[in-house]
>>> print(open('coords_17.txt').read())   # compact mmCIF, C-alpha atoms (C1' of nucleotides)
# COMPACT_ATOMS: atom_id res chain seq x y z
CA MET X 1125 31.76 11.84 10.46
CA THR X 1126 32.04 11.33 6.72
CA THR X 1127 29.05 11.88 4.47
CA ASP X 1128 29.08 8.16 3.81
CA ASP X 1129 28.89 7.24 7.48
CA LEU X 1130 26.15 9.79 7.94
CA ALA X 1131 24.20 8.27 5.06
CA GLU X 1132 24.49 4.87 6.65
CA SER X 1133 23.26 6.10 10.05
CA LEU X 1134 20.49 8.08 8.45
CA SER X 1135 19.39 5.07 6.44
CA ARG X 1136 19.12 3.05 9.62
CA GLU X 1137 17.19 5.75 11.47
CA LEU X 1138 14.82 6.37 8.58
CA ARG X 1139 13.92 2.70 8.63
CA HIS X 1140 13.27 3.03 12.36
CA LEU X 1141 11.10 6.11 11.87
CA VAL X 1142 9.10 4.40 9.15
CA LEU X 1143 8.30 1.58 11.52
CA LEU X 1144 7.35 4.15 14.15
CA LEU X 1145 4.96 5.91 11.79
CA ARG X 1146 3.35 2.61 10.86
CA ARG X 1147 2.62 1.95 14.49
CA VAL X 1148 1.15 5.46 14.87
CA ALA X 1149 -1.09 5.08 11.84
CA ALA X 1150 -2.56 1.74 12.87
CA GLY X 1151 -6.23 2.11 13.77
CA GLN X 1152 -6.83 5.71 12.73
CA PRO X 1153 -10.05 6.79 10.98
CA VAL X 1154 -8.21 7.81 7.81
CA THR X 1155 -5.26 6.00 6.24
CA SER X 1156 -1.97 7.84 6.14
CA GLN X 1157 -2.23 8.26 2.37
CA GLN X 1158 -5.67 9.78 2.70
CA TYR X 1159 -4.38 12.03 5.45
CA ALA X 1160 -1.55 13.14 3.20
CA VAL X 1161 -3.92 13.95 0.34
CA LEU X 1162 -6.27 15.91 2.59
CA GLY X 1163 -3.24 17.85 3.81
CA SER X 1164 -2.38 18.85 0.25
CA LEU X 1165 -5.84 20.35 -0.20
CA GLU X 1166 -5.67 22.58 2.84
CA GLY X 1167 -4.48 25.60 0.89
CA GLY X 1168 -7.32 25.46 -1.63
CA PRO X 1169 -8.42 23.51 -4.74
CA ARG X 1170 -5.78 21.54 -6.64
CA ARG X 1171 -5.71 19.74 -9.97
CA MET X 1172 -5.44 15.98 -10.15
CA THR X 1173 -2.10 16.16 -11.93
CA GLU X 1174 -0.62 18.42 -9.27
CA LEU X 1175 -1.74 16.09 -6.52
CA ALA X 1176 -0.30 13.03 -8.23
CA GLU X 1177 3.07 14.71 -8.75
CA GLU X 1178 3.26 16.02 -5.22
CA HIS X 1179 2.60 12.56 -3.83
CA GLY X 1180 4.91 10.81 -6.22
CA VAL X 1181 2.18 8.56 -7.64
CA GLN X 1182 0.71 8.06 -11.09
CA LEU X 1183 -2.47 9.82 -12.07
CA PRO X 1184 -4.70 6.72 -11.99
CA THR X 1185 -3.65 6.11 -8.41
CA MET X 1186 -4.72 9.60 -7.44
CA THR X 1187 -8.03 9.18 -9.28
CA VAL X 1188 -8.83 6.20 -7.10
CA GLN X 1189 -7.72 7.98 -3.93
CA ILE X 1190 -9.92 10.96 -4.70
CA ASN X 1191 -12.85 8.66 -5.52
CA ARG X 1192 -12.54 7.15 -2.08
CA LEU X 1193 -12.41 10.55 -0.41
CA GLU X 1194 -15.27 11.91 -2.50
CA GLU X 1195 -17.63 9.06 -1.73
CA PRO X 1196 -17.90 9.86 2.00
CA GLY X 1197 -17.99 13.58 1.19
CA LEU X 1198 -14.54 14.61 2.44
CA VAL X 1199 -13.58 16.25 -0.86
CA ALA X 1200 -15.46 17.53 -3.92
CA ARG X 1201 -14.49 17.62 -7.57
CA ALA X 1202 -15.11 20.70 -9.70
CA ALA X 1203 -14.40 21.81 -13.25
CA ASP X 1204 -11.73 24.31 -14.24
CA PRO X 1205 -13.48 27.14 -16.14
CA ALA X 1206 -10.35 27.81 -18.21
CA ASP X 1207 -9.74 24.24 -19.38
CA ALA X 1208 -12.51 21.67 -19.60
CA ARG X 1209 -10.06 18.77 -19.39
CA VAL X 1210 -8.96 19.77 -15.91
CA ARG X 1211 -10.70 18.62 -12.76
CA THR X 1212 -10.02 20.40 -9.50
CA VAL X 1213 -10.44 18.89 -6.06
CA GLU X 1214 -11.18 20.72 -2.85
CA LEU X 1215 -11.89 20.00 0.80
CA THR X 1216 -15.47 20.01 2.02
CA GLY X 1217 -16.30 21.22 5.53
CA GLU X 1218 -16.47 17.61 6.56
CA GLY X 1219 -13.05 16.94 5.05
CA ARG X 1220 -11.55 19.92 6.80
CA ALA X 1221 -12.89 18.68 10.13
CA ARG X 1222 -11.59 15.17 9.54
CA LEU X 1223 -8.16 16.50 8.61
CA ALA X 1224 -8.01 18.58 11.78
CA ALA X 1225 -8.99 15.61 13.94
CA VAL X 1226 -6.41 13.27 12.45
CA ARG X 1227 -3.72 15.90 12.67
CA ARG X 1228 -4.50 16.41 16.35
CA ALA X 1229 -4.10 12.68 16.97
CA ARG X 1230 -0.78 12.46 15.14
CA VAL X 1231 0.63 15.57 16.71
CA SER X 1232 -0.40 14.54 20.19
CA TYR X 1233 1.27 11.17 19.73
CA LEU X 1234 4.48 12.80 18.59
CA THR X 1235 4.24 15.40 21.35
CA ALA X 1236 4.13 12.61 23.90
CA GLN X 1237 7.15 10.94 22.31
CA LEU X 1238 9.07 14.21 22.18
CA ALA X 1239 8.22 15.02 25.76
CA ALA X 1240 10.21 11.95 26.79
CA LEU X 1241 13.38 13.45 25.34
CA THR X 1242 15.65 15.99 26.99
CA PRO X 1243 15.34 19.66 25.97
CA GLN X 1244 18.73 19.35 24.28
CA GLU X 1245 17.54 16.43 22.20
CA ARG X 1246 14.40 18.29 21.15
CA GLU X 1247 16.53 21.27 20.22
CA ALA X 1248 18.80 19.04 18.12
CA ILE X 1249 15.77 17.74 16.22
CA ALA X 1250 14.43 21.25 15.72
CA VAL X 1251 17.77 22.39 14.30
CA ALA X 1252 17.99 19.41 11.94
CA LEU X 1253 14.46 19.65 10.51
CA PRO X 1254 15.22 22.28 7.86
CA ALA X 1255 18.13 20.16 6.62
CA LEU X 1256 15.95 17.05 6.51
CA ALA X 1257 13.36 19.04 4.62
CA LYS X 1258 15.91 19.77 1.90
CA LEU X 1259 16.69 16.10 1.31
CA GLY X 1260 15.20 14.77 -1.88
CA ARG X 1261 14.17 18.23 -3.06
CA THR X 1262 17.38 18.72 -4.97
CA MET S 836 9.75 26.35 19.81
CA THR S 837 7.23 24.49 21.95
CA THR S 838 7.14 20.73 22.00
CA ASP S 839 3.77 20.97 20.28
CA ASP S 840 5.11 23.06 17.42
CA LEU S 841 8.03 20.71 17.10
CA ALA S 842 5.68 17.73 16.92
CA GLU S 843 3.78 19.44 14.13
CA SER S 844 6.92 20.19 12.12
CA LEU S 845 8.28 16.73 12.72
CA SER S 846 4.99 15.21 11.60
CA ARG S 847 5.23 17.13 8.35
CA GLU S 848 8.86 16.22 7.75
CA LEU S 849 8.32 12.56 8.52
CA ARG S 850 5.66 12.53 5.84
CA HIS S 851 8.16 14.10 3.46
CA LEU S 852 10.84 11.55 4.34
CA VAL S 853 8.44 8.68 3.79
CA LEU S 854 7.77 9.95 0.29
CA LEU S 855 11.53 10.25 -0.23
CA LEU S 856 12.11 6.66 0.84
CA ARG S 857 9.38 5.48 -1.51
CA ARG S 858 11.16 7.10 -4.42
CA VAL S 859 14.41 5.43 -3.36
CA ALA S 860 12.68 2.07 -3.19
CA ALA S 861 11.06 2.32 -6.61
CA GLY S 862 12.58 -0.15 -9.01
CA GLN S 863 14.74 -2.02 -6.52
CA PRO S 864 14.93 -5.82 -6.46
CA VAL S 865 13.09 -6.02 -3.12
CA THR S 866 10.24 -3.86 -1.83
CA SER S 867 10.89 -1.56 1.10
CA GLN S 868 8.92 -3.87 3.39
CA GLN S 869 11.00 -6.82 2.34
CA TYR S 870 14.12 -4.79 2.89
CA ALA S 871 12.92 -3.86 6.35
CA VAL S 872 12.25 -7.49 7.24
CA LEU S 873 15.64 -8.63 5.95
CA GLY S 874 17.21 -5.91 8.08
CA SER S 875 15.52 -7.28 11.18
CA LEU S 876 17.12 -10.66 10.56
CA GLU S 877 20.64 -9.36 10.30
CA GLY S 878 21.43 -10.05 13.96
CA GLY S 879 20.36 -13.68 13.77
CA PRO S 880 17.20 -15.82 13.74
CA ARG S 881 13.95 -14.26 14.97
CA ARG S 882 10.53 -15.64 15.76
CA MET S 883 7.51 -14.72 13.66
CA THR S 884 5.83 -12.98 16.58
CA GLU S 885 8.86 -10.81 17.26
CA LEU S 886 9.07 -9.77 13.64
CA ALA S 887 5.38 -8.90 13.47
CA GLU S 888 5.60 -6.77 16.60
CA GLU S 889 8.73 -4.98 15.52
CA HIS S 890 7.14 -4.08 12.21
CA GLY S 891 3.81 -3.12 13.70
CA VAL S 892 1.87 -5.68 11.67
CA GLN S 893 -0.32 -8.64 12.54
CA LEU S 894 1.07 -12.13 12.48
CA PRO S 895 -0.70 -13.25 9.28
CA THR S 896 0.82 -10.30 7.46
CA MET S 897 4.28 -11.40 8.51
CA THR S 898 3.53 -14.98 7.50
CA VAL S 899 2.83 -13.82 3.97
CA GLN S 900 5.90 -11.59 3.88
CA ILE S 901 8.13 -14.41 5.01
CA ASN S 902 6.52 -16.75 2.47
CA ARG S 903 7.46 -14.33 -0.28
CA LEU S 904 11.03 -14.07 0.99
CA GLU S 905 11.34 -17.82 1.50
CA GLU S 906 10.17 -18.72 -1.98
CA PRO S 907 13.19 -17.14 -3.74
CA GLY S 908 15.46 -18.46 -0.98
CA LEU S 909 16.32 -15.19 0.79
CA VAL S 910 15.28 -16.48 4.21
CA ALA S 911 14.72 -19.92 5.75
CA ARG S 912 12.30 -21.09 8.40
CA ALA S 913 13.45 -23.36 11.22
CA ALA S 914 11.97 -24.92 14.34
CA ASP S 915 12.67 -23.76 17.87
CA PRO S 916 14.05 -26.78 19.79
CA ALA S 917 12.58 -25.47 23.06
CA ASP S 918 9.02 -24.91 21.83
CA ALA S 919 7.55 -26.78 18.89
CA ARG S 920 4.94 -24.09 18.25
CA VAL S 921 7.60 -21.53 17.45
CA ARG S 922 9.07 -21.01 14.02
CA THR S 923 12.25 -19.04 13.62
CA VAL S 924 13.34 -17.24 10.50
CA GLU S 925 16.88 -16.51 9.43
CA LEU S 926 18.76 -15.01 6.52
CA THR S 927 20.27 -17.33 3.95
CA GLY S 928 23.57 -16.44 2.30
CA GLU S 929 21.56 -15.27 -0.67
CA GLY S 930 19.40 -13.12 1.58
CA ARG S 931 22.41 -11.59 3.25
CA ALA S 932 23.89 -10.72 -0.13
CA ARG S 933 20.61 -9.21 -1.31
CA LEU S 934 20.33 -7.16 1.85
CA ALA S 935 23.86 -5.83 1.43
CA ALA S 936 23.19 -4.89 -2.19
CA VAL S 937 19.99 -3.03 -1.42
CA ARG S 938 21.61 -1.29 1.51
CA ARG S 939 24.45 -0.13 -0.73
CA ALA S 940 21.94 1.32 -3.17
CA ARG S 941 20.06 3.13 -0.40
CA VAL S 942 23.20 4.45 1.21
CA SER S 943 24.63 5.70 -2.04
CA TYR S 944 21.37 7.46 -2.84
CA LEU S 945 21.37 9.12 0.56
CA THR S 946 25.04 9.99 0.25
CA ALA S 947 24.29 11.84 -2.96
CA GLN S 948 21.39 13.66 -1.32
CA LEU S 949 23.48 14.59 1.71
CA ALA S 950 26.33 15.82 -0.46
CA ALA S 951 23.98 18.51 -1.75
CA LEU S 952 23.61 19.99 1.74
CA THR S 953 26.00 22.36 3.47
CA PRO S 954 28.45 20.94 6.04
CA GLN S 955 26.45 22.72 8.73
CA GLU S 956 23.25 21.02 7.63
CA ARG S 957 24.91 17.61 7.62
CA GLU S 958 26.27 18.31 11.09
CA ALA S 959 22.79 19.26 12.30
CA ILE S 960 21.41 15.95 11.04
CA ALA S 961 24.28 14.02 12.64
CA VAL S 962 23.59 15.69 15.98
CA ALA S 963 19.86 14.98 15.79
CA LEU S 964 20.12 11.29 14.86
CA PRO S 965 20.58 9.95 18.40
CA ALA S 966 17.50 11.88 19.51
CA LEU S 967 15.46 10.55 16.57
CA ALA S 968 16.65 7.07 17.44
CA LYS S 969 15.09 7.44 20.89
CA LEU S 970 11.64 8.30 19.53
CA GLY S 971 9.21 5.47 19.85
CA ARG S 972 11.56 3.43 21.98
CA THR S 973 10.08 4.82 25.17
C1' DA Z 717 -7.56 -35.30 31.82
C1' DA Z 718 -9.83 -31.42 30.33
C1' DT Z 719 -9.58 -26.79 29.26
C1' DA Z 720 -7.38 -22.52 28.18
C1' DA Z 721 -3.84 -19.98 26.09
C1' DT Z 722 -0.09 -19.37 22.64
C1' DA Z 723 2.25 -19.60 17.89
C1' DG Z 724 1.52 -19.92 13.25
C1' DT Z 725 -1.00 -20.63 8.98
C1' DT Z 726 -4.85 -20.26 5.70
C1' DA Z 727 -8.68 -17.91 3.57
C1' DG Z 728 -11.09 -13.94 2.32
C1' DT Z 729 -11.42 -8.84 1.99
C1' DC Z 730 -9.78 -4.21 1.22
C1' DA Z 731 -6.45 -0.17 0.33
C1' DG Z 732 -3.21 1.50 -2.60
C1' DG Z 733 0.29 1.09 -6.02
C1' DC Z 734 1.29 0.11 -11.17
C1' DT Z 735 0.59 -0.15 -16.60
C1' DA Z 736 -2.30 -0.16 -20.64
C1' DA Z 737 -6.04 1.49 -22.98
C1' DG Z 738 -10.11 4.58 -23.62
C1' DT Z 739 -12.41 9.37 -23.68
C1' DT Z 740 -12.70 14.08 -24.06
C1' DA Z 741 -10.82 18.64 -24.86
C1' DG Z 742 -7.23 21.77 -26.28
C1' DA Z 743 -3.22 22.81 -29.47
C1' DC Z 744 -0.90 22.60 -33.70
C1' DT Z 745 -0.21 22.19 -38.75
C1' DA Z 746 -0.74 21.81 -43.54
C1' DT C 1448 -10.63 24.51 -41.23
C1' DA C 1449 -9.97 19.61 -41.14
C1' DG C 1450 -6.91 16.40 -39.42
C1' DT C 1451 -3.76 15.04 -36.20
C1' DC C 1452 -1.22 15.33 -31.99
C1' DT C 1453 -0.97 16.10 -27.16
C1' DA C 1454 -2.76 16.63 -22.48
C1' DA C 1455 -5.89 15.53 -18.52
C1' DC C 1456 -8.47 12.20 -16.58
C1' DT C 1457 -10.84 7.76 -15.94
C1' DT C 1458 -11.48 2.78 -16.31
C1' DA C 1459 -9.90 -1.91 -16.08
C1' DG C 1460 -6.92 -5.43 -14.65
C1' DC C 1461 -3.08 -6.95 -11.86
C1' DC C 1462 0.09 -7.10 -7.79
C1' DT C 1463 1.71 -6.16 -2.85
C1' DG C 1464 0.66 -5.69 1.70
C1' DA C 1465 -2.49 -4.75 5.34
C1' DC C 1466 -6.55 -6.56 8.16
C1' DT C 1467 -9.91 -10.13 10.70
C1' DA C 1468 -11.80 -14.67 11.34
C1' DA C 1469 -11.21 -19.30 11.61
C1' DC C 1470 -8.19 -23.40 11.79
C1' DT C 1471 -4.20 -26.55 13.52
C1' DA C 1472 -0.82 -27.79 16.64
C1' DT C 1473 1.50 -27.30 20.91
C1' DT C 1474 2.15 -25.81 25.66
C1' DA C 1475 0.35 -24.32 30.15
C1' DT C 1476 -3.07 -24.49 33.76
C1' DT C 1477 -6.45 -26.31 36.89
>>> encode(input="coords_17.txt", output="structure tokens")
Amino acid sequence: MTTDDLAESLSRELRHLVLLLRRVAAGQPVTSQQYAVLGSLEGGPRRMTELAEEHGVQLPTMTVQINRLEEPGLVARAADPADARVRTVELTGEGRARLAAVRRARVSYLTAQLAALTPQEREAIAVALPALAKLGRT
Amino acid sequence: MTTDDLAESLSRELRHLVLLLRRVAAGQPVTSQQYAVLGSLEGGPRRMTELAEEHGVQLPTMTVQINRLEEPGLVARAADPADARVRTVELTGEGRARLAAVRRARVSYLTAQLAALTPQEREAIAVALPALAKLGRT
DNA sequence: AATAATAGTTAGTCAGGCTAAGTTAGACTA
DNA sequence: TAGTCTAACTTAGCCTGACTAACTATTATT
């Protein structure tokens, strides 16, 4: 298979997977964007700028996202002692619990989907994941 | 790797791929949703209800999407001769051309990304694609 | 013939993206 | 060290795209 053919097939399957994810996300207690932001905070406090870059959005967009997560107490803002311009954001206990719950729901959905495949198919996906992870990080 | 671990890794990588696709879509002449809808029409006319289900959205959402595609003449609505309640939607020549152009842009972006991988990594993705295609179709 | 169900549309609301412009704090320079 | 530039956020205003509720028109059912 040429790289071009592969790109074409991958394009088609990515579109399919996007539609799949949309169906998974429908009706969950946190939107997929909010879930993604909470996931970025799991390792500890982050600056607004870092978060915006990681999610590929502009800073004002992240400000609004964090506002919406802060209001119900899922995250908290704090000041950076070294630089008064910088605001850091971190998970609250509540936010950590919410993140865990949503992750369980997503993973269990995918687990059910994967269970319908053959062991060989699962293995093929497992082998391909590191390569997929490299895409777009060049 | 257990199915559960695989689900977790896949969940993470799908999130990554979604962000990748967003970056591809930025600055293109149609949004990624519009592209997805145009793609669904490639095989011929579809009913509104079918389109909404396939895209995991409610019918009113699809109505608005189709309105936006109809206004610049990319798709056309028609009546179903067998059932006067049903409206079908099909690509116009313009819409087909637009779809082809956007697809070329996507494919060439992905081709460039894939070219940065090793042949083994590309092969791993090629092998996994049929399995990914089965996800969500159960 | 009356009623229920189906297919779409319209109207109103909200999330989430953008750019432009404002505020505050740190960095540089003359 | 005063003045200016840059950086980090926030606010405001606009657009797309999602939802539900309510409406119209048509078909199916009883």
>>> closest_residue(input="coords_17.txt", among="C:DA1465, C:DA1475, C:DA1449, C:DC1470", to="chain S", atoms="all atoms listed in the file")
C:DA1465
>>> interface_residues(input="coords_17.txt", of="chain C", to="chain S", cutoff="10 Å", atoms="only C-alpha atoms (C1' of nucleotides)", output="VMD selection string")
chain C and resid 1463 to 1467 1472 to 1474
>>> closest_atom_pairs(input="coords_17.txt", of="chain Z", to="chain X", cutoff="9 Å", atoms="all atoms listed in the file", output="JSON lines")
{"residue": "Z:DA731", "atom": "C1'", "partner": "X:Thr1155", "partner_atom": "CA", "distance": 8.6}
{"residue": "Z:DG732", "atom": "C1'", "partner": "X:Thr1185", "partner_atom": "CA", "distance": 7.4}
{"residue": "Z:DG733", "atom": "C1'", "partner": "X:Thr1185", "partner_atom": "CA", "distance": 6.8}
{"residue": "Z:DC734", "atom": "C1'", "partner": "X:Gln1182", "partner_atom": "CA", "distance": 8.0}
{"residue": "Z:DT740", "atom": "C1'", "partner": "X:Arg1209", "partner_atom": "CA", "distance": 7.1}
{"residue": "Z:DA741", "atom": "C1'", "partner": "X:Arg1209", "partner_atom": "CA", "distance": 5.5}
{"residue": "Z:DG742", "atom": "C1'", "partner": "X:Asp1207", "partner_atom": "CA", "distance": 7.7}
>>> residues_around(input="coords_17.txt", residues="segment 1458-1461 of chain C", least_positions_apart="3", cutoff="10 Å", atoms="all atoms listed in the file", output="PyMOL selection string")
(chain X and resi 1184) or (chain Z and resi 734-739)
>>> closest_residue(input="coords_17.txt", among="X:Leu1215, X:Arg1171, X:His1179, X:Asn1191", to="chain S", atoms="all atoms listed in the file")
X:His1179
>>> axis_aligned_box(input="coords_17.txt", around="segment 1127-1130 of chain X", padding_each_side="3 Å", output="AutoDock Vina command-line options")
--center_x 27.6 --center_y 9.6 --center_z 5.9 --size_x 8.9 --size_y 10.6 --size_z 10.1
>>> closest_residue(input="coords_17.txt", among="X:Gly1167, X:Pro1153, X:Gly1219, X:Pro1254", to="chain S", atoms="all atoms listed in the file")
X:Pro1254
>>> interface_residues(input="coords_17.txt", of="chain X", to="chain S", cutoff="8 Å", atoms="only C-alpha atoms", output="MDAnalysis selection string")
chainID X and resid 1127:1128 1130:1135 1137:1144 1146:1147 1160 1179:1180 1230:1232 1234:1235 1237:1241 1245:1246 1248:1253 1255:1260 1262
>>> residues_around(input="coords_17.txt", residues="DT1476 of chain C", least_positions_apart="2", cutoff="9 Å", atoms="only C-alpha atoms (C1' of nucleotides)", output="ChimeraX atom specification")
/Z:719-721
>>> atom_distance(input="coords_17.txt", atom1="atom CA of Leu934 of chain S", atom2="atom CA of Gly908 of chain S")
12.6 Å
>>> atom_distance(input="coords_17.txt", atom1="atom CA of Leu904 of chain S", atom2="atom C1' of DT726 of chain Z")
17.7 Å
>>> atom_distance(input="coords_17.txt", atom1="atom CA of Glu905 of chain S", atom2="atom CA of Leu873 of chain S")
11.1 Å
